[in-house]
Structure formats: structure tokens, C-alpha cells
file coords_9.pdb (PDB, C-alpha atoms and all ligand atoms)
MODEL        1
ATOM      1  CA  MET X 314     -20.260   4.050  15.725  1.00  0.00           C
ATOM      2  CA  LYS X 315     -16.781   2.925  14.724  1.00  0.00           C
ATOM      3  CA  ARG X 316     -15.591  -0.323  16.262  1.00  0.00           C
ATOM      4  CA  PRO X 317     -12.457   0.115  18.374  1.00  0.00           C
ATOM      5  CA  GLU X 318      -9.327  -1.467  16.936  1.00  0.00           C
ATOM      6  CA  LYS X 319      -8.227  -4.643  18.667  1.00  0.00           C
ATOM      7  CA  SER X 320      -4.510  -5.017  19.340  1.00  0.00           C
ATOM      8  CA  LEU X 321      -2.770  -8.309  18.660  1.00  0.00           C
ATOM      9  CA  ALA X 322       0.792  -9.508  19.072  1.00  0.00           C
ATOM     10  CA  PHE X 323       2.941 -12.084  17.352  1.00  0.00           C
ATOM     11  CA  THR X 324       6.650 -12.795  17.051  1.00  0.00           C
ATOM     12  CA  PHE X 325       8.913 -12.368  14.048  1.00  0.00           C
ATOM     13  CA  ASN X 326      12.307 -14.024  14.390  1.00  0.00           C
ATOM     14  CA  GLY X 327      11.725 -14.017  18.124  1.00  0.00           C
ATOM     15  CA  VAL X 328      10.847 -10.322  18.394  1.00  0.00           C
ATOM     16  CA  ARG X 329       7.400  -9.308  19.681  1.00  0.00           C
ATOM     17  CA  ILE X 330       5.438  -7.324  17.062  1.00  0.00           C
ATOM     18  CA  GLU X 331       2.223  -5.410  17.705  1.00  0.00           C
ATOM     19  CA  ALA X 332      -0.549  -5.482  15.114  1.00  0.00           C
ATOM     20  CA  ILE X 333      -4.118  -4.341  14.620  1.00  0.00           C
ATOM     21  CA  GLU X 334      -6.894  -6.868  14.026  1.00  0.00           C
ATOM     22  CA  GLY X 335      -7.278  -7.394  10.293  1.00  0.00           C
ATOM     23  CA  GLN X 336      -3.730  -6.336   9.483  1.00  0.00           C
ATOM     24  CA  THR X 337      -1.584  -8.682   7.419  1.00  0.00           C
ATOM     25  CA  ILE X 338       1.727  -9.953   8.724  1.00  0.00           C
ATOM     26  CA  ALA X 339       3.573  -7.928   6.089  1.00  0.00           C
ATOM     27  CA  ALA X 340       1.716  -4.717   6.958  1.00  0.00           C
ATOM     28  CA  ALA X 341       2.366  -5.194  10.664  1.00  0.00           C
ATOM     29  CA  LEU X 342       6.065  -5.769  10.025  1.00  0.00           C
ATOM     30  CA  LEU X 343       6.342  -2.679   7.844  1.00  0.00           C
ATOM     31  CA  ALA X 344       4.496  -0.636  10.471  1.00  0.00           C
ATOM     32  CA  SER X 345       7.135  -1.824  12.933  1.00  0.00           C
ATOM     33  CA  GLU X 346       9.860  -0.675  10.520  1.00  0.00           C
ATOM     34  CA  ILE X 347      10.899  -4.227   9.644  1.00  0.00           C
ATOM     35  CA  ASN X 348      11.270  -4.293   5.896  1.00  0.00           C
ATOM     36  CA  VAL X 349      13.523  -7.299   5.300  1.00  0.00           C
ATOM     37  CA  LEU X 350      11.342 -10.393   5.468  1.00  0.00           C
ATOM     38  CA  ARG X 351      13.823 -12.891   4.081  1.00  0.00           C
ATOM     39  CA  LYS X 352      17.026 -13.250   2.066  1.00  0.00           C
ATOM     40  CA  THR X 353      17.574 -15.063  -1.203  1.00  0.00           C
ATOM     41  CA  ARG X 354      19.194 -18.483  -1.072  1.00  0.00           C
ATOM     42  CA  LEU X 355      22.016 -17.977  -3.565  1.00  0.00           C
ATOM     43  CA  LYS X 356      23.045 -14.331  -3.155  1.00  0.00           C
ATOM     44  CA  ASN X 357      21.704 -13.647   0.346  1.00  0.00           C
ATOM     45  CA  GLU X 358      19.962 -10.508  -0.941  1.00  0.00           C
ATOM     46  CA  PRO X 359      17.202  -8.933   1.173  1.00  0.00           C
ATOM     47  CA  ARG X 360      13.577  -9.214   0.071  1.00  0.00           C
ATOM     48  CA  SER X 361      10.501  -7.373   1.263  1.00  0.00           C
ATOM     49  CA  ILE X 362       6.997  -6.630   0.055  1.00  0.00           C
ATOM     50  CA  PHE X 363       6.931  -5.969  -3.679  1.00  0.00           C
ATOM     51  CA  CYS X 364       3.410  -6.462  -5.037  1.00  0.00           C
ATOM     52  CA  GLY X 365       1.456  -6.651  -1.791  1.00  0.00           C
ATOM     53  CA  ILE X 366      -1.258  -8.732  -3.456  1.00  0.00           C
ATOM     54  CA  GLY X 367       0.093 -12.274  -3.420  1.00  0.00           C
ATOM     55  CA  ILE X 368       1.651 -12.469  -6.869  1.00  0.00           C
ATOM     56  CA  CYS X 369       5.423 -12.017  -6.544  1.00  0.00           C
ATOM     57  CA  TRP X 370       6.174 -14.294  -3.561  1.00  0.00           C
ATOM     58  CA  ASP X 371       8.923 -11.924  -2.374  1.00  0.00           C
ATOM     59  CA  CYS X 372       7.333 -11.745   1.075  1.00  0.00           C
ATOM     60  CA  VAL X 373       7.351 -15.440   1.959  1.00  0.00           C
ATOM     61  CA  VAL X 374       7.920 -16.359   5.591  1.00  0.00           C
ATOM     62  CA  THR X 375       7.379 -19.339   7.851  1.00  0.00           C
ATOM     63  CA  VAL X 376       4.163 -19.130   9.893  1.00  0.00           C
ATOM     64  CA  ASN X 377       3.713 -21.487  12.837  1.00  0.00           C
ATOM     65  CA  GLY X 378       6.174 -23.895  11.206  1.00  0.00           C
ATOM     66  CA  VAL X 379       4.566 -23.829   7.763  1.00  0.00           C
ATOM     67  CA  THR X 380       7.067 -22.596   5.171  1.00  0.00           C
ATOM     68  CA  ASN X 381       6.513 -20.446   2.074  1.00  0.00           C
ATOM     69  CA  GLN X 382       3.559 -18.441   3.357  1.00  0.00           C
ATOM     70  CA  ARG X 383       2.937 -15.095   1.666  1.00  0.00           C
ATOM     71  CA  SER X 384       2.921 -12.589   4.500  1.00  0.00           C
ATOM     72  CA  CYS X 385       1.000 -10.024   2.456  1.00  0.00           C
ATOM     73  CA  LEU X 386      -2.026 -12.338   2.369  1.00  0.00           C
ATOM     74  CA  ILE X 387      -2.156 -13.690   5.916  1.00  0.00           C
ATOM     75  CA  GLU X 388      -3.860 -11.765   8.691  1.00  0.00           C
ATOM     76  CA  VAL X 389      -2.153 -11.655  12.047  1.00  0.00           C
ATOM     77  CA  VAL X 390      -3.511 -14.039  14.673  1.00  0.00           C
ATOM     78  CA  GLU X 391      -2.688 -13.505  18.333  1.00  0.00           C
ATOM     79  CA  GLY X 392       0.416 -15.439  19.338  1.00  0.00           C
ATOM     80  CA  MET X 393       1.421 -16.637  15.893  1.00  0.00           C
ATOM     81  CA  VAL X 394       5.108 -17.399  15.367  1.00  0.00           C
ATOM     82  CA  VAL X 395       6.597 -15.983  12.173  1.00  0.00           C
ATOM     83  CA  SER X 396      10.160 -16.320  10.954  1.00  0.00           C
ATOM     84  CA  SER X 397      12.261 -15.526   7.905  1.00  0.00           C
TER      85      SER X 397
HETATM   86  S1  LIG X 401       4.434  -8.988  -1.638  1.00  0.00           S
HETATM   87 FE1  LIG X 401       4.153 -10.061  -3.476  1.00  0.00          FE
HETATM   88  S2  LIG X 401       3.319 -11.948  -2.814  1.00  0.00           S
HETATM   89 FE2  LIG X 401       3.485 -10.793  -0.993  1.00  0.00          FE
ENDMDL
END
call {"tool": "encode", "arguments": {"input": "coords_9.pdb", "output": "C-alpha cells"}}
result
Amino acid sequence: MKRPEKSLAFTFNGVRIEAIEGQTIAAALLASEINVLRKTRLKNEPRSIFCGIGICWDCVVTVNGVTNQRSCLIEVVEGMVVSS
């Protein structure tokens, strides 16, 4: 019997985002149609998921105050605070 999916929620730049248990932050944001995770320092260009496997670092965000976290590698935890 398939285990029912557990719903979780977190915030991204102050906006409540729904996720499914086991989903990464990046996947949950894309599922919520948020595809700009940050902007570059010098040219202010948008960045999103590129590799999806932790290599390119394009998806870095701040998670619970810890900077430079790759959102494609971190599973959502209920109540976590994520920002660009
Ligand atoms: S998308 Fe490449 S490291 Fe996350």
C-alpha cells in the first residue's frame, strides 16, 4: 500500500510555499511557479535551477539564516525560512 504524501510548508522571501515530504526546496519552488531563486551580484541577472544535482551552485539560497545553501539538495522541513 502506497504511503500517503505528507504536506509541508515553508516560506520563501516571506511567501508561504507548500511542499511534499521528500521534495527539495528547489523542486517545491518550481512547483509553485517560482523560478528565480536569486540574482547575480554584479549584473543582477536572475538565476534558477540549472543542473539540479548540486554542481553548478546557481540555485543557492539562504536557509534558516545559513547562506549559500544549494536548494536542489536540501529537502523541505516544516517551517523552514528560505530567502534569496
Ligand atoms: S541547480 Fe545546480 S547546484 Fe542546484
call {"tool": "closest_atom_pairs", "arguments": {"input": "coords_9.pdb", "of": "chain X", "to": "ligand LIG 401 (chain X)", "cutoff": "7 Å", "atoms": "all atoms listed in the file", "output": "tab-separated table"}}
result
residue	atom	partner	partner_atom	distance
X:Ser361	CA	X:LIG401	S1	6.9
X:Ile362	CA	X:LIG401	S1	3.9
X:Phe363	CA	X:LIG401	S1	4.4
X:Cys364	CA	X:LIG401	FE1	4.0
X:Gly365	CA	X:LIG401	S1	3.8
X:Ile366	CA	X:LIG401	FE1	5.6
X:Gly367	CA	X:LIG401	S2	3.3
X:Ile368	CA	X:LIG401	S2	4.4
X:Cys369	CA	X:LIG401	FE1	3.9
X:Trp370	CA	X:LIG401	S2	3.8
X:Asp371	CA	X:LIG401	FE1	5.2
X:Cys372	CA	X:LIG401	FE2	4.5
X:Val373	CA	X:LIG401	FE2	6.7
X:Arg383	CA	X:LIG401	FE2	5.1
X:Ser384	CA	X:LIG401	FE2	5.8
X:Cys385	CA	X:LIG401	FE2	4.3
X:Leu386	CA	X:LIG401	FE2	6.6
call {"tool": "closest_residue", "arguments": {"input": "coords_9.pdb", "among": "X:Arg351, X:Asn381, X:Ser345, X:Lys356", "to": "Thr324 (chain X)", "atoms": "all atoms listed in the file"}}
result
X:Ser345
call {"tool": "resolve_selection", "arguments": {"input": "coords_9.pdb", "expression": "the PyMOL selection byres (((chain X and resi 397) around 9) and not hetatm)", "output": "list in words"}}
result
Phe325, Asn326, Val349, Leu350, Arg351, Lys352, Val373, Val374, Thr375, Val395 and Ser396 of chain X
call {"tool": "residues_around", "arguments": {"input": "coords_9.pdb", "residues": "region 327-342 of chain X", "least_positions_apart": "3", "cutoff": "7 Å", "atoms": "all atoms listed in the file", "output": "ChimeraX atom specification"}}
result
/X:318-324,345-348,384-389
call {"tool": "atom_distance", "arguments": {"input": "coords_9.pdb", "atom1": "CA of Gly392 (chain X)", "atom2": "CA of Asn377 (chain X)"}}
result
9.5 Å
call {"tool": "closest_residue", "arguments": {"input": "coords_9.pdb", "among": "X:Val390, X:Thr353, X:Ala344, X:Glu358", "to": "Val376 (chain X)", "atoms": "only C-alpha atoms"}}
result
X:Val390
call {"tool": "closest_residue", "arguments": {"input": "coords_9.pdb", "among": "X:Leu355, X:Lys315, X:Val394, X:Arg360", "to": "Gly378 (chain X)", "atoms": "all atoms listed in the file"}}
result
X:Val394
